[in-house]
>>> print(open('entry23.cif').read())   # mmCIF, C-alpha atoms
data_entry
#
loop_
_atom_site.label_atom_id
_atom_site.label_comp_id
_atom_site.auth_asym_id
_atom_site.auth_seq_id
_atom_site.Cartn_x
_atom_site.Cartn_y
_atom_site.Cartn_z
CA MET A 115 108.75 113.81 85.48
CA LYS A 116 105.88 116.18 84.71
CA ILE A 117 103.98 117.04 87.89
CA CYS A 118 101.09 119.47 88.18
CA ILE A 119 100.15 120.77 91.61
CA PHE A 120 96.46 121.62 91.55
CA GLY A 121 96.15 124.27 94.26
CA ALA A 122 99.25 126.32 95.07
CA GLY A 123 98.36 127.20 98.65
CA ALA A 124 100.45 126.53 101.75
CA ILE A 125 101.06 122.81 101.19
CA GLY A 126 100.79 122.83 97.40
CA GLY A 127 103.17 125.77 97.14
CA MET A 128 105.69 124.06 99.41
CA LEU A 129 105.61 120.87 97.34
CA ALA A 130 105.91 122.80 94.08
CA VAL A 131 108.99 124.78 95.11
CA ARG A 132 110.89 121.78 96.45
CA LEU A 133 110.08 119.57 93.45
CA ALA A 134 111.03 122.30 90.99
CA GLN A 135 114.33 122.88 92.80
CA ALA A 136 115.05 119.16 92.44
CA GLY A 137 114.70 119.38 88.67
CA GLN A 138 111.19 118.06 88.14
CA GLU A 139 109.02 119.70 85.46
CA VAL A 140 106.50 121.31 87.81
CA SER A 141 103.46 123.41 87.02
CA VAL A 142 100.72 124.78 89.24
CA ILE A 143 97.04 125.55 88.97
CA ALA A 144 96.30 128.70 90.94
CA ARG A 145 93.90 131.61 90.73
CA GLY A 146 93.40 135.25 91.61
CA ALA A 147 96.13 137.13 93.42
CA GLN A 148 98.14 133.95 93.98
CA LEU A 149 98.30 133.25 90.25
CA ALA A 150 99.15 136.84 89.39
CA ALA A 151 101.99 136.90 91.92
CA ILE A 152 103.45 133.58 90.76
CA ARG A 153 103.42 134.75 87.15
CA GLU A 154 105.02 138.07 88.03
CA ARG A 155 107.55 137.16 90.72
CA GLY A 156 107.66 133.37 90.94
CA LEU A 157 106.66 131.16 93.85
CA THR A 158 108.53 131.71 97.11
CA LEU A 159 108.94 129.28 100.00
CA LEU A 160 110.06 130.52 103.42
CA SER A 161 111.50 127.92 105.78
CA GLY A 162 113.27 129.07 108.92
CA GLU A 163 115.64 131.83 107.83
CA LYS A 164 115.78 130.51 104.28
CA SER A 165 113.90 131.89 101.28
CA ASP A 166 113.69 130.08 97.93
CA THR A 167 111.97 131.34 94.80
CA VAL A 168 111.28 129.33 91.66
CA ARG A 169 109.81 130.22 88.30
CA LEU A 170 107.35 127.69 86.95
CA ALA A 171 104.38 127.39 84.63
CA ALA A 172 101.21 128.63 86.31
CA SER A 173 97.65 128.95 85.06
CA ASP A 174 94.03 128.85 86.13
CA ASN A 175 93.24 126.83 83.00
CA PRO A 176 94.46 123.20 83.00
CA ALA A 177 94.29 123.13 79.20
CA ASP A 178 97.29 125.49 79.16
CA LEU A 179 99.51 122.87 80.81
CA GLY A 180 98.66 119.65 78.97
CA PRO A 181 98.95 115.99 80.07
CA GLN A 182 101.09 115.21 83.12
CA ASP A 183 102.68 112.18 84.71
CA HIS A 184 101.11 113.03 88.07
CA VAL A 185 98.44 115.49 89.16
CA ILE A 186 98.67 116.26 92.87
CA LEU A 187 95.44 117.65 94.32
CA CYS A 188 96.19 120.15 97.08
CA VAL A 189 92.75 121.66 97.57
CA LYS A 190 90.34 121.67 100.48
CA GLY A 191 87.81 118.86 100.67
CA TYR A 192 84.91 121.10 99.69
CA GLY A 193 86.83 122.18 96.57
CA LEU A 194 87.45 118.66 95.27
CA PRO A 195 84.25 118.22 93.21
CA GLN A 196 85.09 121.30 91.16
CA ALA A 197 88.79 120.43 90.96
CA VAL A 198 88.36 116.90 89.64
CA GLN A 199 85.97 118.09 86.96
CA ALA A 200 88.64 120.56 85.79
CA ILE A 201 91.61 118.19 85.52
CA ALA A 202 90.66 116.33 82.33
CA PRO A 203 93.17 118.28 80.14
CA LEU A 204 95.95 117.23 82.55
CA LEU A 205 95.24 113.52 82.17
CA GLY A 206 97.08 111.32 79.72
CA ALA A 207 96.64 107.58 79.36
CA THR A 208 98.83 106.79 82.40
CA THR A 209 98.49 109.97 84.49
CA SER A 210 97.98 109.34 88.19
CA VAL A 211 95.80 111.49 90.43
CA VAL A 212 97.32 112.00 93.88
CA PRO A 213 94.98 113.54 96.49
CA ALA A 214 97.18 115.23 99.13
CA VAL A 215 94.12 116.18 101.16
CA ASN A 216 93.16 116.48 104.80
CA GLY A 217 90.92 114.03 106.59
CA ILE A 218 89.45 110.91 104.99
CA PRO A 219 89.69 110.84 101.17
CA TRP A 220 86.71 109.92 99.03
CA TRP A 221 88.40 106.72 97.80
CA PHE A 222 89.07 105.30 101.30
CA PHE A 223 86.69 102.31 100.96
CA SER A 224 87.47 101.66 97.30
CA GLN A 225 89.44 98.42 96.88
CA TRP A 226 88.72 97.78 100.55
CA GLY A 227 88.31 94.28 101.87
CA GLY A 228 86.41 95.09 105.07
CA SER A 229 82.74 95.36 105.97
CA LEU A 230 82.43 98.86 104.52
CA ALA A 231 83.80 97.88 101.10
CA GLY A 232 82.58 100.28 98.43
CA THR A 233 81.05 102.71 100.94
CA GLN A 234 80.70 106.24 99.60
CA LEU A 235 81.04 108.75 102.43
CA LYS A 236 78.56 111.61 102.11
CA ALA A 237 80.87 113.89 104.09
CA CYS A 238 83.64 113.45 101.48
CA ASP A 239 81.66 113.16 98.25
CA PRO A 240 78.03 114.18 98.89
CA ASP A 241 76.78 113.67 95.34
CA GLY A 242 79.28 111.04 94.22
CA VAL A 243 80.76 113.50 91.70
CA ILE A 244 84.39 112.84 92.67
CA ALA A 245 84.08 109.04 92.53
CA ARG A 246 82.36 109.20 89.14
CA THR A 247 84.94 111.61 87.71
CA VAL A 248 88.24 110.07 88.84
CA ALA A 249 88.83 106.51 87.66
CA PRO A 250 89.93 104.37 90.64
CA GLU A 251 92.95 103.04 88.78
CA ARG A 252 94.39 106.55 88.50
CA ILE A 253 94.57 107.10 92.27
CA ILE A 254 97.77 107.01 94.29
CA GLY A 255 97.08 107.59 97.97
CA CYS A 256 99.11 110.30 99.68
CA VAL A 257 99.56 111.73 103.15
CA ALA A 258 101.47 114.97 103.73
CA PHE A 259 102.67 115.27 107.34
CA GLN A 260 103.48 118.98 107.18
CA SER A 261 102.11 122.32 108.24
CA GLY A 262 102.48 125.66 106.55
CA ALA A 263 100.79 128.95 105.91
CA ASN A 264 100.08 131.43 103.15
CA VAL A 265 102.09 134.55 103.97
CA ALA A 266 101.24 136.73 100.98
CA PRO A 267 100.29 136.20 97.33
CA GLY A 268 102.99 133.99 95.84
CA VAL A 269 104.64 133.39 99.23
CA VAL A 270 104.16 130.35 101.49
CA ARG A 271 105.85 129.39 104.74
CA HIS A 272 106.88 125.93 105.91
CA ASN A 273 106.22 125.58 109.64
CA SER A 274 106.97 121.96 110.45
CA GLY A 275 107.27 118.44 109.07
CA SER A 276 108.75 116.99 105.90
CA ARG A 277 107.22 113.51 105.76
CA MET A 278 105.37 112.31 102.65
CA VAL A 279 103.88 108.84 102.26
CA PHE A 280 102.48 107.33 99.06
CA GLY A 281 100.64 104.08 98.44
CA GLU A 282 98.25 102.27 96.16
CA PRO A 283 94.67 101.90 97.44
CA GLY A 284 94.88 98.22 96.45
CA HIS A 285 97.81 97.63 98.86
CA ALA A 286 100.25 96.47 96.15
CA ARG A 287 103.59 98.20 95.72
CA SER A 288 103.80 99.78 92.28
CA ALA A 289 106.57 101.23 90.16
CA ARG A 290 104.67 104.50 89.74
CA ALA A 291 104.16 105.03 93.49
CA GLU A 292 107.80 104.12 94.17
CA ALA A 293 108.96 106.56 91.49
CA LEU A 294 106.80 109.36 92.90
CA ALA A 295 108.10 108.71 96.42
CA LYS A 296 111.66 108.85 95.08
CA ALA A 297 111.01 112.16 93.33
CA PHE A 298 109.93 113.64 96.66
CA ALA A 299 112.88 112.09 98.47
CA ASP A 300 115.20 113.65 95.89
CA ALA A 301 113.51 116.98 96.65
CA GLY A 302 114.48 116.73 100.33
CA PHE A 303 111.30 115.26 101.77
CA GLU A 304 111.23 112.34 104.18
CA SER A 305 109.38 110.34 101.57
CA SER A 306 108.37 106.69 101.43
CA CYS A 307 106.02 104.22 99.79
CA THR A 308 103.77 101.91 101.79
CA GLU A 309 101.45 98.96 101.21
CA ASN A 310 99.09 100.30 103.89
CA ILE A 311 98.34 103.92 103.02
CA ARG A 312 95.11 103.85 105.03
CA LEU A 313 97.08 103.40 108.25
CA GLU A 314 99.02 106.56 107.43
CA ILE A 315 95.77 108.41 106.72
CA TRP A 316 94.41 107.35 110.10
CA LEU A 317 97.63 108.33 111.87
CA LYS A 318 97.33 111.89 110.56
CA LEU A 319 93.60 111.96 111.27
CA PHE A 320 94.30 110.78 114.84
CA GLY A 321 95.58 114.28 115.66
CA ASN A 322 93.78 116.47 113.11
CA VAL A 323 90.32 115.30 114.11
CA SER A 324 90.74 116.97 117.51
CA PHE A 325 93.23 119.83 117.05
CA ASN A 326 91.54 121.32 113.98
CA PRO A 327 87.89 121.59 115.07
CA VAL A 328 88.69 122.55 118.66
CA SER A 329 90.91 125.37 117.36
CA VAL A 330 87.84 126.75 115.58
CA LEU A 331 85.96 126.73 118.88
CA SER A 332 88.82 128.15 120.98
CA GLY A 333 90.52 130.46 118.51
CA VAL A 334 94.00 129.67 119.84
CA SER A 335 97.13 127.77 118.80
CA THR A 336 97.82 124.11 119.61
CA ASP A 337 100.23 124.80 122.48
CA ARG A 338 97.67 126.87 124.38
CA MET A 339 94.95 124.26 123.85
CA ILE A 340 97.19 121.42 125.00
CA ASP A 341 98.33 123.33 128.08
CA GLU A 342 94.72 123.90 129.18
CA PRO A 343 93.92 120.81 131.32
CA GLY A 344 90.27 120.49 130.31
CA VAL A 345 91.05 120.78 126.62
CA HIS A 346 93.97 118.39 126.98
CA GLY A 347 91.53 115.87 128.42
CA LEU A 348 89.07 116.50 125.59
CA PHE A 349 91.79 115.76 123.05
CA ALA A 350 92.58 112.48 124.78
CA GLN A 351 88.92 111.44 124.68
CA MET A 352 88.47 112.37 121.01
CA MET A 353 91.65 110.55 120.02
CA GLY A 354 90.56 107.50 121.98
CA GLU A 355 87.27 107.44 120.06
CA THR A 356 89.12 107.89 116.74
CA ALA A 357 91.42 105.00 117.63
CA ALA A 358 88.37 102.86 118.43
CA ILE A 359 86.85 103.60 115.02
CA GLY A 360 90.12 102.59 113.42
CA LEU A 361 90.29 99.35 115.38
CA ALA A 362 86.73 98.53 114.33
CA MET A 363 88.05 98.61 110.75
CA GLY A 364 91.24 96.71 111.58
CA ILE A 365 93.46 99.80 111.64
CA ASP A 366 95.67 100.12 114.73
CA VAL A 367 97.50 103.45 114.98
CA GLY A 368 99.88 101.95 117.54
CA MET A 369 100.04 105.16 119.54
CA THR A 370 98.38 106.45 122.69
CA PRO A 371 96.53 109.78 122.73
CA GLU A 372 99.07 111.13 125.23
CA ASN A 373 101.96 110.30 122.92
CA ARG A 374 100.20 112.01 120.01
CA ILE A 375 99.44 115.10 122.07
CA ALA A 376 103.05 115.25 123.25
CA MET A 377 104.27 115.13 119.63
CA THR A 378 102.23 118.20 118.75
CA ARG A 379 103.23 120.05 121.93
CA LYS A 380 106.90 119.73 120.94
CA LEU A 381 106.19 121.70 117.76
CA GLY A 382 105.42 124.82 119.81
CA ARG A 383 102.94 127.45 118.69
CA ILE A 384 101.08 126.02 115.69
CA LYS A 385 97.92 127.40 114.14
CA THR A 386 95.89 124.61 112.60
CA SER A 387 94.73 124.86 108.99
CA MET A 388 91.17 125.38 110.21
CA LEU A 389 92.17 128.23 112.51
CA GLN A 390 94.06 129.85 109.65
CA ASP A 391 90.89 129.55 107.56
CA VAL A 392 88.82 131.21 110.29
CA GLU A 393 91.26 134.10 110.54
CA SER A 394 91.31 134.51 106.74
CA GLY A 395 87.55 134.20 106.34
CA ARG A 396 87.80 131.05 104.20
CA PRO A 397 85.28 128.16 104.25
CA LEU A 398 85.99 125.50 106.87
CA GLU A 399 87.00 121.94 106.04
CA ILE A 400 84.73 120.47 108.70
CA GLU A 401 83.24 117.54 106.81
CA ALA A 402 86.41 115.93 105.41
CA ILE A 403 88.16 115.97 108.78
CA ILE A 404 85.62 115.36 111.54
CA GLY A 405 82.37 114.87 109.64
CA ALA A 406 83.71 111.89 107.72
CA THR A 407 85.17 110.40 110.92
CA VAL A 408 81.82 110.62 112.66
CA GLU A 409 80.08 109.15 109.60
CA VAL A 410 82.39 106.12 109.63
CA GLY A 411 81.93 105.71 113.39
CA ARG A 412 78.14 105.75 113.03
CA LYS A 413 78.26 103.12 110.29
CA LEU A 414 80.37 100.88 112.52
CA GLY A 415 78.26 101.47 115.63
CA VAL A 416 81.13 102.96 117.63
CA THR A 417 80.15 105.08 120.65
CA MET A 418 81.80 108.49 120.26
CA PRO A 419 80.09 111.17 122.37
CA PHE A 420 83.04 113.56 122.34
CA LEU A 421 83.51 113.43 118.55
CA GLU A 422 79.76 113.88 118.07
CA ALA A 423 79.65 116.88 120.41
CA VAL A 424 82.65 118.66 118.91
CA TYR A 425 81.39 117.96 115.40
CA GLY A 426 78.05 119.58 116.24
CA LEU A 427 79.63 122.55 117.97
CA THR A 428 82.07 123.16 115.12
CA ARG A 429 79.25 123.09 112.58
CA LEU A 430 77.32 125.63 114.61
CA ARG A 431 80.36 127.85 115.02
CA GLY A 432 81.12 127.63 111.33
CA GLU A 433 77.54 128.62 110.47
CA MET A 434 77.68 131.61 112.84
CA LEU A 435 80.92 132.75 111.22
CA GLY A 436 79.43 132.35 107.75
CA LEU A 437 82.19 129.87 106.86
CA TYR A 438 80.16 126.65 106.74
CA LYS A 439 76.93 125.70 105.05
CA PRO A 440 75.27 122.40 106.01
CA ALA A 441 74.33 120.08 103.18
CA ALA A 442 70.74 120.43 102.06
#
>>> encode(input="entry23.cif", output="structure tokens")
Amino acid sequence: MKICIFGAGAIGGMLAVRLAQAGQEVSVIARGAQLAAIRERGLTLLSGEKSDTVRLAASDNPADLGPQDHVILCVKGYGLPQAVQAIAPLLGATTSVVPAVNGIPWWFFSQWGGSLAGTQLKACDPDGVIARTVAPERIIGCVAFQSGANVAPGVVRHNSGSRMVFGEPGHARSARAEALAKAFADAGFESSCTENIRLEIWLKLFGNVSFNPVSVLSGVSTDRMIDEPGVHGLFAQMMGETAAIGLAMGIDVGMTPENRIAMTRKLGRIKTSMLQDVESGRPLEIEAIIGATVEVGRKLGVTMPFLEAVYGLTRLRGEMLGLYKPAA
């Protein structure tokens, strides 16, 4: 199976190493120091006390790699418009595009049977570029329940999680999604295929929508935030509002905020992806994670004062740090 990972950062790098070790024909799109290091020394994954390095094809030009069976997008939400316009050389007649992204993906209301059918979320795809560029039939939904970090150019670290879930936006089980899930299972992931990928998206969002933006405001790891009573209470309120938005769409996460908070507390000291971006001076993925959630809530008429407040505060903080620019 030919698989191209578009974006060899923390998550993309982790997926690439494991898939390559399992015998898949893996290539990566990377740039700058990351690309140079991968070409020179290979791509290294640190996990616990273990270190694994693989050699694989790497380029900043998709035309160098040719058509693939699957293209897995592992870029930040704000980088998707540019990424999808670059992937044309990777696409054959049957190539799937698999967005392993944070937050709510642009295709969420495509092939949707609810009241928001066909809705284009401005927070995810402000100008509609992504939806116009990627044919809906190419998409396989994906949720990566993992955390990691970039350690150095060409080196990524796995912090926690190994679960991967794949599914067709149209709810049907397909041979291609099943085959992709099996490839990840063979690579050691806790991988599965589902007929309800949107539920899995909302389950991940249930935690990320609070932990990520509040970490930007507090500047501390998840354990410290959870152990602070006032912040713990804020998380519970934000998760309750996120659950209410889901229920308004017919999505029931089947979990209480306290259970979700407890799950994250067991992981120990975790720096969210947004906090890592703050510390590295990278743009913040505010819109895909909390902006899109608030946008959906507004469209459904759900009352969500805590989500609204944290969204506004995170935008302001991002602007002050020079890591977020509001849409014009």
>>> closest_residue(input="entry23.cif", among="A:Gly217, A:Gly382, A:Gly411, A:Gly426", to="Leu317 (chain A)", atoms="all atoms listed in the file")
A:Gly217
>>> residues_around(input="entry23.cif", residues="Gly127 (chain A)", least_positions_apart="2", cutoff="9 Å", atoms="only C-alpha atoms", output="list in words")
Ile119, Gly121, Ala122, Gly123, Ala124, Ile125, Leu129, Ala130, Val131, Arg132, Val142, Leu157, Thr158, Leu159, Cys188, Asn264, Gly268, Val269, Val270 and Arg271 of chain A
>>> closest_residue(input="entry23.cif", among="A:Pro327, A:Pro213, A:Gly275, A:Gly321", to="Phe303 (chain A)", atoms="all atoms listed in the file")
A:Gly275
>>> resolve_selection(input="entry23.cif", expression="the PyMOL selection byres ((chain A and resi 161) around 7)", output="list of chain:residue names")
A:Leu159, A:Leu160, A:Gly162, A:Glu163, A:Lys164, A:Ser165, A:Arg271, A:His272, A:Asn273
>>> resolve_selection(input="entry23.cif", expression="the PyMOL selection byres ((chain A and resi 244-261) around 8)", output="ChimeraX atom specification")
/A:124-125,194-195,198-199,208-215,220-221,224,239,242-243,262-263,272-283,291,311,314-315,318,386-387
>>> resolve_selection(input="entry23.cif", expression="the PyMOL selection byres ((chain A and resi 218) around 10)", output="list in words")
Gly191, Val215, Asn216, Gly217, Pro219, Trp220, Trp221, Phe222, Phe223, Leu235, Ala237, Cys238, Arg312, Ile315, Trp316, Lys318, Leu319, Glu401, Ala402, Ile403, Ile404, Gly405, Ala406, Thr407 and Val410 of chain A
>>> atom_distance(input="entry23.cif", atom1="CA of Glu409 (chain A)", atom2="CA of Asp391 (chain A)")
23.2 Å
>>> residues_around(input="entry23.cif", residues="Gly415 (chain A)", least_positions_apart="4", cutoff="12 Å", atoms="all atoms listed in the file", output="list in words")
Glu355, Ala358, Ile359, Ala362, Met363, Val408, Glu409, Val410, Gly411 and Pro419 of chain A
>>> atom_distance(input="entry23.cif", atom1="CA of Gly180 (chain A)", atom2="CA of Cys307 (chain A)")
26.9 Å
>>> residues_around(input="entry23.cif", residues="Val424 (chain A)", least_positions_apart="5", cutoff="12 Å", atoms="all atoms listed in the file", output="PyMOL selection string")
chain A and resi 323-332+345+348-349+351-352+400+403-405+407-408+418-419+429-432
>>> residues_around(input="entry23.cif", residues="Asp341 (chain A)", least_positions_apart="5", cutoff="12 Å", atoms="all atoms listed in the file", output="VMD selection string")
chain A and resid 334 to 336 346 to 349 375 to 376 378 to 380 382 to 383
>>> atom_distance(input="entry23.cif", atom1="CA of Leu398 (chain A)", atom2="CA of Tyr438 (chain A)")
5.9 Å
>>> closest_residue(input="entry23.cif", among="A:Gly344, A:Pro397, A:Gly333, A:Gly137", to="Ile384 (chain A)", atoms="only C-alpha atoms")
A:Gly333
>>> residues_around(input="entry23.cif", residues="Ala266 (chain A)", least_positions_apart="6", cutoff="10 Å", atoms="all atoms listed in the file", output="PyMOL selection string")
chain A and resi 147-148+151+158
>>> residues_near_point(input="entry23.cif", point="(84.9, 94.2, 107.3)", cutoff="12 Å", atoms="all atoms listed in the file", output="list in words")
Phe223, Trp226, Gly227, Gly228, Ser229, Leu230, Ala231, Gly232, Thr233, Gly360, Leu361, Ala362, Met363, Gly364, Ile365, Lys413 and Leu414 of chain A
>>> write_last_selection(input="entry23.cif", atoms="C-alpha atoms", output="compact mmCIF listing (two decimals), keeping the file's coordinate frame")
# COMPACT_ATOMS: atom_id res chain seq x y z
CA PHE A 223 86.69 102.31 100.96
CA TRP A 226 88.72 97.78 100.55
CA GLY A 227 88.31 94.28 101.87
CA GLY A 228 86.41 95.09 105.07
CA SER A 229 82.74 95.36 105.97
CA LEU A 230 82.43 98.86 104.52
CA ALA A 231 83.80 97.88 101.10
CA GLY A 232 82.58 100.28 98.43
CA THR A 233 81.05 102.71 100.94
CA GLY A 360 90.12 102.59 113.42
CA LEU A 361 90.29 99.35 115.38
CA ALA A 362 86.73 98.53 114.33
CA MET A 363 88.05 98.61 110.75
CA GLY A 364 91.24 96.71 111.58
CA ILE A 365 93.46 99.80 111.64
CA LYS A 413 78.26 103.12 110.29
CA LEU A 414 80.37 100.88 112.52
>>> closest_residue(input="entry23.cif", among="A:Pro181, A:Pro371, A:Gly206, A:Pro267", to="Ile152 (chain A)", atoms="all atoms listed in the file")
A:Pro267
>>> axis_aligned_box(input="entry23.cif", around="region 379-386 of chain A", padding_each_side="8 Å", output="lines of an AutoDock Vina configuration file")
center_x = 101.4
center_y = 123.6
center_z = 117.3
size_x = 27.0
size_y = 23.7
size_z = 25.3
